[in-house]
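Engineer: Provided herewith: query-v6.cif, mmCIF, C-alpha atoms and all ligand atoms.
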```cif
data_structure
loop_
_atom_site.label_atom_id
_atom_site.label_comp_id
_atom_site.auth_asym_id
_atom_site.auth_seq_id
_atom_site.Cartn_x
_atom_site.Cartn_y
_atom_site.Cartn_z
CA MET A 1 -29.68 91.22 3.78
CA ASP A 2 -29.05 87.52 4.32
CA LEU A 3 -26.38 86.42 1.86
CA ARG A 4 -27.55 82.80 2.05
CA THR A 5 -30.86 83.78 0.46
CA TYR A 6 -28.88 84.76 -2.63
CA PHE A 7 -26.33 81.92 -2.46
CA ILE A 8 -23.56 84.52 -2.14
CA THR A 9 -20.38 83.88 -0.12
CA ILE A 10 -17.77 86.50 0.74
CA ASN A 11 -14.37 84.82 0.85
CA PRO A 12 -11.53 87.01 2.21
CA VAL A 13 -8.91 84.70 0.73
CA GLY A 14 -5.34 85.96 1.16
CA LEU A 15 -6.23 88.41 3.94
CA ASN A 16 -5.29 87.99 7.58
CA GLY A 17 -6.40 89.23 10.98
CA ALA A 18 -8.40 92.44 11.09
CA ALA A 19 -8.19 92.84 7.30
CA ARG A 20 -10.24 89.65 6.82
CA GLN A 21 -13.04 90.90 9.03
CA ARG A 22 -12.96 94.37 7.47
CA TYR A 23 -13.14 92.90 3.97
CA VAL A 24 -16.22 90.81 4.75
CA GLU A 25 -17.95 93.75 6.47
CA GLN A 26 -17.24 96.19 3.64
CA VAL A 27 -18.34 93.89 0.84
CA HIS A 28 -21.47 92.96 2.78
CA GLU A 29 -22.21 96.66 3.27
CA HIS A 30 -21.88 97.38 -0.46
CA LEU A 31 -24.15 94.45 -1.27
CA ARG A 32 -26.68 95.93 1.17
CA TRP A 33 -26.55 99.24 -0.70
CA ILE A 34 -27.37 97.38 -3.92
CA HIS A 35 -30.09 95.37 -2.18
CA ARG A 36 -31.78 98.56 -0.94
CA THR A 37 -32.50 99.69 -4.51
CA LYS A 38 -35.19 98.50 -6.90
CA SER A 39 -32.80 97.69 -9.73
CA GLY A 40 -30.38 96.03 -7.30
CA ARG A 41 -33.04 93.68 -5.96
CA ILE A 42 -34.16 92.81 -9.50
CA LEU A 43 -30.56 91.92 -10.38
CA LEU A 44 -29.91 89.89 -7.22
CA ASN A 45 -33.16 87.97 -7.65
CA CYS A 46 -32.34 87.17 -11.27
CA ILE A 47 -28.87 85.85 -10.30
CA ARG A 48 -30.16 83.83 -7.39
CA ARG A 49 -30.15 80.07 -8.00
CA PRO A 50 -28.95 77.23 -5.77
CA ASN A 51 -27.02 75.53 -8.55
CA PHE A 52 -25.04 78.69 -9.31
CA PRO A 53 -23.59 80.03 -6.03
CA VAL A 54 -21.53 83.23 -6.20
CA GLU A 55 -18.20 83.86 -4.47
CA ILE A 56 -16.93 87.40 -3.91
CA ARG A 57 -13.21 87.58 -3.11
CA PRO A 58 -10.40 90.17 -3.19
CA HIS A 59 -9.06 91.26 -6.59
CA ALA A 60 -5.61 89.72 -6.95
CA LEU A 61 -3.85 92.79 -8.36
CA VAL A 62 -3.60 96.33 -7.04
CA GLU A 63 -5.16 98.06 -10.03
CA CYS A 64 -8.19 100.10 -10.98
CA ASN A 65 -10.26 97.06 -11.84
CA ALA A 66 -12.62 94.34 -10.63
CA VAL A 67 -13.75 91.23 -12.49
CA GLY A 68 -17.01 89.29 -12.57
CA GLY A 69 -18.20 86.22 -14.42
CA GLY A 70 -18.51 82.45 -14.23
CA GLU A 71 -15.96 79.73 -13.45
CA PRO A 72 -15.97 75.97 -12.81
CA ALA A 73 -17.09 75.25 -9.24
CA PRO A 74 -14.07 73.95 -7.26
CA ALA A 75 -16.09 71.02 -5.92
CA GLY A 76 -17.05 70.01 -9.45
CA GLY A 77 -20.58 69.65 -10.75
CA GLY A 78 -20.98 72.71 -12.90
CA ASN A 79 -20.17 76.39 -12.73
CA ARG A 80 -20.49 79.13 -10.18
CA GLY A 81 -20.33 82.90 -10.28
CA PHE A 82 -17.44 84.97 -8.98
CA VAL A 83 -16.49 88.59 -8.44
CA THR A 84 -12.99 89.76 -7.59
CA TYR A 85 -13.49 93.09 -5.87
CA THR A 86 -11.41 94.98 -3.32
CA PRO A 87 -13.31 97.92 -1.79
CA GLY A 88 -10.05 99.59 -0.69
CA HIS A 89 -9.07 100.16 -4.34
CA PHE A 90 -12.11 102.35 -4.90
CA GLY A 91 -12.17 104.34 -1.64
CA GLN A 92 -10.97 107.87 -1.12
CA HIS A 93 -7.37 106.74 -0.67
CA GLY A 94 -7.48 103.84 -3.12
CA ILE A 95 -5.70 103.49 -6.43
CA CYS A 96 -9.06 104.07 -8.16
CA THR A 97 -10.38 106.95 -6.11
CA THR A 98 -13.68 108.66 -6.86
CA THR A 99 -12.17 112.04 -6.00
CA ASP A 100 -10.84 112.30 -9.58
CA GLY A 101 -13.64 114.66 -10.64
CA ALA A 102 -13.41 114.19 -14.42
CA ASN A 103 -13.13 110.44 -14.36
CA ARG A 104 -15.40 109.11 -11.67
CA SER A 105 -18.68 108.04 -13.33
CA GLY A 106 -19.78 104.57 -12.27
CA ARG A 107 -16.82 104.25 -9.95
CA LEU A 108 -18.47 104.22 -6.54
CA PHE A 109 -18.11 100.95 -4.56
CA ASP A 110 -21.59 99.62 -5.23
CA GLU A 111 -21.55 100.79 -8.86
CA ILE A 112 -18.41 98.75 -9.49
CA LEU A 113 -19.92 95.75 -7.71
CA PHE A 114 -23.24 96.09 -9.57
CA HIS A 115 -21.36 96.12 -12.91
CA GLU A 116 -19.53 92.90 -12.04
CA LEU A 117 -22.77 91.29 -10.82
CA VAL A 118 -24.31 91.98 -14.25
CA HIS A 119 -21.47 89.85 -15.69
CA VAL A 120 -22.32 87.16 -13.11
CA PHE A 121 -26.00 87.37 -14.07
CA ARG A 122 -25.24 86.82 -17.77
CA ASN A 123 -23.21 83.73 -16.83
CA ALA A 124 -25.86 82.48 -14.38
CA THR A 125 -28.48 82.62 -17.13
CA GLY A 126 -26.17 80.96 -19.68
CA ARG A 127 -26.27 84.03 -21.94
CA TRP A 128 -22.67 85.27 -21.72
CA ASN A 129 -21.64 86.21 -25.26
CA GLN A 130 -19.05 88.86 -26.10
CA ALA A 131 -19.97 88.73 -29.80
CA PRO A 132 -20.98 90.37 -32.08
CA ARG A 133 -18.14 92.78 -32.68
CA LEU A 134 -19.33 96.30 -31.98
CA GLY A 135 -19.49 98.94 -34.68
CA PHE A 136 -17.30 102.02 -34.76
CA ALA A 137 -19.81 104.25 -32.97
CA MET A 138 -20.13 101.66 -30.18
CA ARG A 139 -16.39 101.10 -29.70
CA GLN A 140 -16.44 102.86 -26.32
CA TYR A 141 -18.23 99.76 -24.96
CA ASP A 142 -15.50 97.30 -26.06
CA ASP A 143 -17.80 94.28 -26.44
CA ASN A 144 -21.41 93.13 -26.07
CA GLU A 145 -21.08 92.08 -22.42
CA GLU A 146 -19.46 95.35 -21.39
CA PHE A 147 -22.17 97.21 -23.31
CA ILE A 148 -24.81 95.35 -21.27
CA ALA A 149 -23.00 95.87 -17.95
CA VAL A 150 -22.46 99.60 -18.58
CA LEU A 151 -26.07 100.01 -19.76
CA CYS A 152 -27.51 98.30 -16.68
CA THR A 153 -25.20 100.14 -14.27
CA ASN A 154 -26.28 103.44 -15.81
CA ILE A 155 -29.90 102.48 -15.14
CA TYR A 156 -28.86 101.59 -11.56
CA VAL A 157 -27.29 105.07 -11.28
CA SER A 158 -30.57 106.60 -12.52
CA ASP A 159 -32.66 104.51 -10.10
CA ARG A 160 -34.25 106.96 -7.65
CA THR A 161 -34.13 104.40 -4.85
CA ASN A 162 -30.33 104.54 -5.23
CA LYS A 163 -29.56 107.61 -3.14
CA ILE A 164 -25.77 107.93 -3.28
CA LYS A 165 -24.27 107.80 -6.74
CA THR A 166 -21.83 109.32 -9.20
CA GLY A 167 -23.26 109.79 -12.69
CA LEU A 168 -23.87 108.15 -16.05
CA ARG A 169 -20.76 106.54 -17.53
CA ALA A 170 -19.92 107.15 -21.21
CA GLY A 171 -18.64 103.68 -21.99
CA HIS A 172 -16.33 100.93 -20.82
CA ARG A 173 -13.07 102.79 -21.47
CA GLY A 174 -12.36 104.76 -18.33
CA TYR A 175 -14.94 106.39 -16.12
CA GLY A 176 -15.71 109.55 -18.08
CA ALA A 177 -19.19 111.06 -17.90
CA MET A 178 -21.80 110.47 -20.58
CA SER A 179 -22.55 113.59 -22.64
CA VAL A 180 -25.88 115.36 -22.20
CA THR A 181 -26.85 114.33 -25.77
CA ASP A 182 -26.07 110.67 -25.16
CA ALA A 183 -28.10 110.73 -21.95
CA MET A 184 -31.27 111.90 -23.74
CA ARG A 185 -34.14 109.47 -24.24
CA PHE A 186 -33.75 107.33 -27.38
CA SER A 187 -30.31 108.80 -27.91
CA LEU A 188 -28.59 105.42 -27.52
CA PHE A 189 -30.57 104.14 -30.52
CA ALA A 190 -29.69 107.21 -32.58
CA SER A 191 -26.00 106.95 -31.69
CA SER A 192 -25.36 103.84 -33.79
CA ALA A 193 -27.38 101.53 -36.00
CA SER A 194 -25.94 98.59 -34.02
CA ALA A 195 -27.32 99.74 -30.64
CA LEU A 196 -30.88 98.56 -31.31
CA PRO A 197 -29.93 94.99 -32.36
CA LEU A 198 -27.80 94.67 -29.21
CA VAL A 199 -30.66 95.82 -26.96
CA LYS A 200 -33.09 93.55 -28.84
CA GLN A 201 -30.81 90.56 -28.32
CA PHE A 202 -30.33 91.38 -24.63
CA CYS A 203 -34.12 91.57 -24.13
CA ALA A 204 -34.57 88.27 -25.99
CA ASP A 205 -31.82 86.64 -23.90
CA ASN A 206 -33.07 87.88 -20.53
CA PRO A 207 -36.76 88.80 -20.80
CA ILE A 208 -37.59 88.54 -17.09
CA PHE A 209 -34.77 90.86 -16.00
CA THR A 210 -35.14 93.40 -18.82
CA LYS A 211 -38.95 93.63 -18.50
CA ALA A 212 -38.72 94.10 -14.74
CA ILE A 213 -36.15 96.88 -15.21
CA ALA A 214 -38.31 98.47 -17.93
CA ASP A 215 -41.57 98.28 -15.91
CA GLN A 216 -40.35 99.08 -12.42
CA LEU A 217 -38.00 101.88 -13.48
CA ALA A 218 -40.03 103.26 -16.37
CA ASP A 219 -39.77 106.89 -15.35
CA VAL A 220 -36.09 107.28 -14.47
CA GLU A 221 -33.73 109.66 -16.28
CA TYR A 222 -31.91 107.00 -18.28
CA ASN A 223 -33.54 103.69 -19.19
CA PRO A 224 -33.12 102.54 -22.82
CA LEU A 225 -34.73 99.19 -21.88
CA ALA A 226 -37.95 101.03 -20.95
CA ASP A 227 -37.73 103.04 -24.18
CA PHE A 228 -37.33 99.82 -26.16
CA TYR A 229 -40.28 97.99 -24.55
CA LYS A 230 -42.57 101.02 -24.55
CA ALA A 231 -41.78 102.44 -27.96
CA PRO A 232 -39.98 99.95 -30.18
CA LEU A 233 -41.02 101.77 -33.36
CA ILE A 234 -39.53 105.02 -32.13
CA CYS A 235 -36.28 103.17 -31.34
CA GLU A 236 -36.44 101.74 -34.86
CA ALA A 237 -36.86 105.22 -36.32
CA PHE A 238 -33.91 106.61 -34.41
CA ALA A 239 -31.79 103.62 -35.44
CA LEU A 240 -32.61 104.32 -39.07
CA PHE A 241 -32.32 108.05 -38.91
CA GLY A 242 -29.46 108.60 -36.49
CA ARG A 243 -28.85 112.14 -35.37
CA SER A 244 -29.39 114.16 -38.47
CA ASN A 245 -31.03 117.55 -38.13
CA ASP A 246 -32.99 117.27 -41.34
CA ARG A 247 -36.69 117.41 -40.51
CA ARG A 248 -37.79 116.14 -43.91
CA GLN A 249 -35.52 113.08 -43.77
CA PHE A 250 -36.60 112.41 -40.21
CA ARG A 251 -40.28 112.49 -41.16
CA GLN A 252 -39.55 110.20 -44.10
CA ALA A 253 -37.82 107.68 -41.85
CA LEU A 254 -40.77 107.69 -39.46
CA SER A 255 -43.37 107.30 -42.17
CA GLY A 256 -41.18 104.55 -43.68
CA ILE A 257 -41.80 102.42 -40.59
CA GLY A 258 -45.54 103.06 -40.77
CA LEU A 259 -46.12 105.54 -37.95
CA PRO A 260 -49.28 107.68 -38.11
CA THR A 261 -48.92 111.38 -38.95
CA ALA A 262 -49.89 112.56 -35.46
CA VAL A 263 -47.10 110.49 -33.92
CA ILE A 264 -44.65 111.70 -36.57
CA ASP A 265 -45.54 115.32 -35.76
CA THR A 266 -44.94 114.82 -32.04
CA MET A 267 -41.72 112.92 -32.53
CA THR A 268 -40.31 115.44 -34.97
CA LYS A 269 -40.99 118.24 -32.50
CA LEU A 270 -39.23 116.24 -29.80
CA ALA A 271 -36.25 115.21 -31.88
CA ILE A 272 -35.64 118.41 -33.86
CA PRO A 273 -37.21 121.26 -31.90
ZN ZN B 301 -17.12 94.67 -17.11
#
```
Please lay out the structure from this file as structure tokens.
Ligand SMILES: [Zn+2]

Structural biologist:
Amino acid sequence: MDLRTYFITINPVGLNGAARQRYVEQVHEHLRWIHRTKSGRILLNCIRRPNFPVEIRPHALVECNAVGGGEPAPAGGGNRGFVTYTPGHFGQHGICTTTDGANRSGRLFDEILFHELVHVFRNATGRWNQAPRLGFAMRQYDDNEEFIAVLCTNIYVSDRTNKIKTGLRAGHRGYGAMSVTDAMRFSLFASSASALPLVKQFCADNPIFTKAIADQLADVEYNPLADFYKAPLICEAFALFGRSNDRRQFRQALSGIGLPTAVIDTMTKLAIP
């Protein structure tokens, strides 16, 4: 993977001697892991633009965190993307080790980097917007941008071309695993009435990226973007109906959005077996 193709620079600022070389090699390696996957290539290609170069540099603090976004380019003339990421923090002996079994989802090197690159992508496309405030049932995502980054990284984790991975992450607070219920198809839309408007807005903001992810990863375990593009009415029904177990109410919600009886029968069987 040639970094120049993607206008990405790895800057080992603050490191000396062998540590500099090791930093550049490790970050390049983790970018290669991302680049080997379908979803990773879609993301890198959607970030890629000559007037928005991206710098990856060490994270300034020793903590279980990395940061990604946009900043004024030091040479002037607009903005650039940046990620502060230190691989050593996330390794086996790092402060943020993946050996903590209960709290490791989305915490592998490339998963962390992918998450931060989603933040870069939203800045590169001029769509960065932490509003609106998330509803109570979405509070685990903190804000709109973290919701988008966690959502996309979970699709990256589900991507079958991504061979080494942890698991689906429940939200933005910590690295706990997503519950089996939350991981089910359409479940995101049933979890909160505000999930569907957020996904709709994301797809309106970034149609090229979201459609590519929906089309090219249509059959993976977790892909709410594919569910939204393929079956928007079903998403609508789940948003209205939530997770009740009442068959009659569920059927009413589906007929309320104008679905034919045959579809209602199938969906009811799926949702409330
Ligand atoms: Zn984030």

Engineer: Restrict the calculation to all atoms listed in the file, then for each residue of chain A with any atom at most 7 Å from an atom of ligand ZN 301 (chain B) give the closest atom pair and their distance in Å to one decimal, rows by chain and rising residue number, as a tab-separated table.

Structural biologist:
```
residue	atom	partner	partner_atom	distance
A:Val67	CA	B:ZN301	ZN	6.7
A:His115	CA	B:ZN301	ZN	6.1
A:Glu116	CA	B:ZN301	ZN	5.9
A:His119	CA	B:ZN301	ZN	6.6
A:Glu146	CA	B:ZN301	ZN	4.9
A:Ala149	CA	B:ZN301	ZN	6.1
```

Engineer: Give me, please, the distance in Å between atom CA of A:Gly70 and atom CA of A:Ile56, quoted to one decimal.

Structural biologist: 11.6 Å

Engineer: What is the atom CA of A:Ala262-atom CA of A:Arg248 distance in Å, reported with one decimal?

Structural biologist: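 Computing it gives 15.2 Å between the two atoms.
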
Engineer: How far is it from atom CA of A:Val263 to atom CA of A:Ile234, in Å with one decimal?

Structural biologist: 9.5 Å

Engineer: Output, as lines of an AutoDock Vina configuration file, the centre and edge lengths in Å (one decimal) of the axis-aligned box that contains all listed atoms of stretch 192-203 of chain A with 6 Å of margin on each side.

Structural biologist:
```
center_x = -29.7
center_y = 97.2
center_z = -30.1
size_x = 20.8
size_y = 25.3
size_z = 23.9
```

Engineer: Do you know which residues are at most 8 Å from A:Ala183 counting all atoms listed in the file, after dropping those on the same chain fewer than 5 positions away, and could you put them as a list in words?

Structural biologist: Leu168, Met178, Leu188 and Tyr222 of chain A

Engineer: Do a neighbour search on A:Phe241 at 10 Å with only C-alpha atoms, toss out local chain neighbours closer than 2 positions, and write the hits as a list of chain:residue names.

Structural biologist: A:Phe189, A:Ala190, A:Ser191, A:Ser192, A:Ala193, A:Cys235, A:Glu236, A:Ala237, A:Phe238, A:Ala239, A:Arg243, A:Ser244, A:Asn245, A:Asp246, A:Gln249, A:Phe250, A:Arg251, A:Gln252, A:Ala253, A:Leu254

Engineer: Between A:Ile8, A:Met138, A:Met267, A:Leu113, which residue has the minimum interatomic distance to A:Trp33, considering all atoms listed in the file?

Structural biologist: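 Counting all atoms listed in the file, the residue closest to A:Trp33 is A:Leu113.
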
Engineer: Under the rule that only C-alpha atoms are counted, which of A:Ala218, A:Ala204, A:Val199, A:Ala66 is the nearest residue to A:Lys230?

Structural biologist: A:Ala218

Engineer: Mind checking which residues fall within 9 Å of A:Ile47, counting only C-alpha atoms, ignoring those fewer than 5 positions away in the same chain, and posting them as a list in words?

Structural biologist: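 Near A:Ile47, the qualifying residues are Tyr6, Ile42, Phe52, Pro53, Val54, Leu117, Val118, Val120, Phe121, Arg122, Asn123, Ala124 and Thr125 of chain A.
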
Engineer: Store the residues picked out above, limited to C-alpha atoms, as a PDB file, keeping the file's coordinate frame.

Structural biologist:
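Saved to part-v4.pdb:
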```
ATOM      1  CA  TYR A   6     -28.880  84.760  -2.630  1.00  0.00           C
ATOM      2  CA  ILE A  42     -34.160  92.810  -9.500  1.00  0.00           C
ATOM      3  CA  PHE A  52     -25.040  78.690  -9.310  1.00  0.00           C
ATOM      4  CA  PRO A  53     -23.590  80.030  -6.030  1.00  0.00           C
ATOM      5  CA  VAL A  54     -21.530  83.230  -6.200  1.00  0.00           C
ATOM      6  CA  LEU A 117     -22.770  91.290 -10.820  1.00  0.00           C
ATOM      7  CA  VAL A 118     -24.310  91.980 -14.250  1.00  0.00           C
ATOM      8  CA  VAL A 120     -22.320  87.160 -13.110  1.00  0.00           C
ATOM      9  CA  PHE A 121     -26.000  87.370 -14.070  1.00  0.00           C
ATOM     10  CA  ARG A 122     -25.240  86.820 -17.770  1.00  0.00           C
ATOM     11  CA  ASN A 123     -23.210  83.730 -16.830  1.00  0.00           C
ATOM     12  CA  ALA A 124     -25.860  82.480 -14.380  1.00  0.00           C
ATOM     13  CA  THR A 125     -28.480  82.620 -17.130  1.00  0.00           C
TER      14      THR A 125
END
```

Engineer: A:Leu61: which residues within 10 Å, counting only C-alpha atoms, same-chain residues fewer than 4 positions away excluded, as an MDAnalysis selection string?

Structural biologist: chainID A and resid 65:66 84:86 89

Engineer: From the set A:Arg169, A:Lys211, A:Arg185, A:Arg22, which residue has the shortest atom-to-atom contact distance to A:Ala102, counting all atoms listed in the file?

Structural biologist: A:Arg169

Engineer: Taking into account all atoms listed in the file, which residue in the set A:Arg160, A:Arg57, A:Arg4, A:Arg20 is nearest to A:Leu44?

Structural biologist: A:Arg4

Engineer: Which is closer to A:Arg247 than all the others in A:Leu270, A:Ala226, A:Leu259, A:Leu108, using all atoms listed in the file?

Structural biologist: A:Leu270

Engineer: Could you model N, CA, C and O atoms for stretch 67-92 of chain A and present them as a CSV table (one decimal), keeping the file's coordinate frame?

Structural biologist:
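Result file out_10.csv:
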```csv
chain,number,residue,atom,x,y,z
A,67,VAL,N,-13.4,92.2,-11.4
A,67,VAL,CA,-13.8,91.2,-12.5
A,67,VAL,C,-15.0,90.4,-12.0
A,67,VAL,O,-15.1,90.1,-10.8
A,68,GLY,N,-15.9,90.1,-12.9
A,68,GLY,CA,-17.0,89.3,-12.6
A,68,GLY,C,-17.3,88.3,-13.7
A,68,GLY,O,-17.0,88.6,-14.9
A,69,GLY,N,-17.9,87.2,-13.4
A,69,GLY,CA,-18.2,86.2,-14.4
A,69,GLY,C,-18.6,84.9,-13.9
A,69,GLY,O,-19.1,84.7,-12.8
A,70,GLY,N,-18.2,83.8,-14.6
A,70,GLY,CA,-18.5,82.4,-14.2
A,70,GLY,C,-17.2,81.7,-14.3
A,70,GLY,O,-16.3,82.0,-15.0
A,71,GLU,N,-17.2,80.6,-13.5
A,71,GLU,CA,-16.0,79.7,-13.4
A,71,GLU,C,-16.4,78.3,-13.0
A,71,GLU,O,-17.5,78.2,-12.4
A,72,PRO,N,-15.6,77.3,-13.3
A,72,PRO,CA,-16.0,76.0,-12.8
A,72,PRO,C,-16.0,75.9,-11.3
A,72,PRO,O,-15.1,76.5,-10.7
A,73,ALA,N,-17.0,75.3,-10.7
A,73,ALA,CA,-17.1,75.2,-9.2
A,73,ALA,C,-16.0,74.3,-8.8
A,73,ALA,O,-15.7,73.3,-9.4
A,74,PRO,N,-15.2,74.7,-7.7
A,74,PRO,CA,-14.1,74.0,-7.3
A,74,PRO,C,-14.5,72.5,-6.8
A,74,PRO,O,-13.7,71.6,-7.0
A,75,ALA,N,-15.7,72.4,-6.3
A,75,ALA,CA,-16.1,71.0,-5.9
A,75,ALA,C,-16.6,70.2,-7.1
A,75,ALA,O,-17.0,69.0,-6.9
A,76,GLY,N,-16.5,70.7,-8.3
A,76,GLY,CA,-17.0,70.0,-9.4
A,76,GLY,C,-18.6,70.2,-9.6
A,76,GLY,O,-19.2,70.9,-8.8
A,77,GLY,N,-19.1,69.6,-10.6
A,77,GLY,CA,-20.6,69.6,-10.8
A,77,GLY,C,-21.1,71.0,-11.3
A,77,GLY,O,-22.0,71.5,-10.7
A,78,GLY,N,-20.4,71.5,-12.3
A,78,GLY,CA,-21.0,72.7,-12.9
A,78,GLY,C,-20.2,74.0,-12.6
A,78,GLY,O,-19.1,73.9,-12.0
A,79,ASN,N,-20.8,75.1,-12.9
A,79,ASN,CA,-20.2,76.4,-12.7
A,79,ASN,C,-20.7,77.2,-11.5
A,79,ASN,O,-21.8,76.8,-11.0
A,80,ARG,N,-20.0,78.2,-11.2
A,80,ARG,CA,-20.5,79.1,-10.2
A,80,ARG,C,-20.1,80.5,-10.6
A,80,ARG,O,-19.4,80.7,-11.6
A,81,GLY,N,-20.7,81.5,-10.0
A,81,GLY,CA,-20.3,82.9,-10.3
A,81,GLY,C,-19.2,83.4,-9.4
A,81,GLY,O,-19.0,82.8,-8.3
A,82,PHE,N,-18.5,84.4,-9.8
A,82,PHE,CA,-17.4,85.0,-9.0
A,82,PHE,C,-17.3,86.5,-9.3
A,82,PHE,O,-17.6,86.9,-10.4
A,83,VAL,N,-16.9,87.2,-8.3
A,83,VAL,CA,-16.5,88.6,-8.4
A,83,VAL,C,-15.2,88.8,-7.7
A,83,VAL,O,-15.1,88.3,-6.5
A,84,THR,N,-14.2,89.4,-8.3
A,84,THR,CA,-13.0,89.8,-7.6
A,84,THR,C,-13.1,91.3,-7.4
A,84,THR,O,-13.1,92.0,-8.4
A,85,TYR,N,-13.2,91.7,-6.2
A,85,TYR,CA,-13.5,93.1,-5.9
A,85,TYR,C,-12.8,93.4,-4.5
A,85,TYR,O,-13.0,92.7,-3.5
A,86,THR,N,-12.0,94.5,-4.5
A,86,THR,CA,-11.4,95.0,-3.3
A,86,THR,C,-11.9,96.4,-3.0
A,86,THR,O,-11.5,97.3,-3.7
A,87,PRO,N,-12.8,96.6,-2.1
A,87,PRO,CA,-13.3,97.9,-1.8
A,87,PRO,C,-12.2,99.0,-1.6
A,87,PRO,O,-12.4,100.1,-2.1
A,88,GLY,N,-11.1,98.6,-1.0
A,88,GLY,CA,-10.0,99.6,-0.7
A,88,GLY,C,-9.5,100.3,-2.0
A,88,GLY,O,-9.0,101.4,-1.9
A,89,HIS,N,-9.6,99.6,-3.1
A,89,HIS,CA,-9.1,100.2,-4.3
A,89,HIS,C,-9.9,101.3,-4.8
A,89,HIS,O,-9.4,102.2,-5.6
A,90,PHE,N,-11.2,101.3,-4.4
A,90,PHE,CA,-12.1,102.4,-4.9
A,90,PHE,C,-12.4,103.4,-3.9
A,90,PHE,O,-13.2,104.4,-4.2
A,91,GLY,N,-11.9,103.3,-2.7
A,91,GLY,CA,-12.2,104.3,-1.6
A,91,GLY,C,-11.4,105.6,-1.9
A,91,GLY,O,-10.7,105.8,-2.9
A,92,GLN,N,-11.6,106.6,-1.0
A,92,GLN,CA,-11.0,107.9,-1.1
A,92,GLN,C,-9.5,107.8,-1.3
A,92,GLN,O,-8.9,108.6,-2.0
```
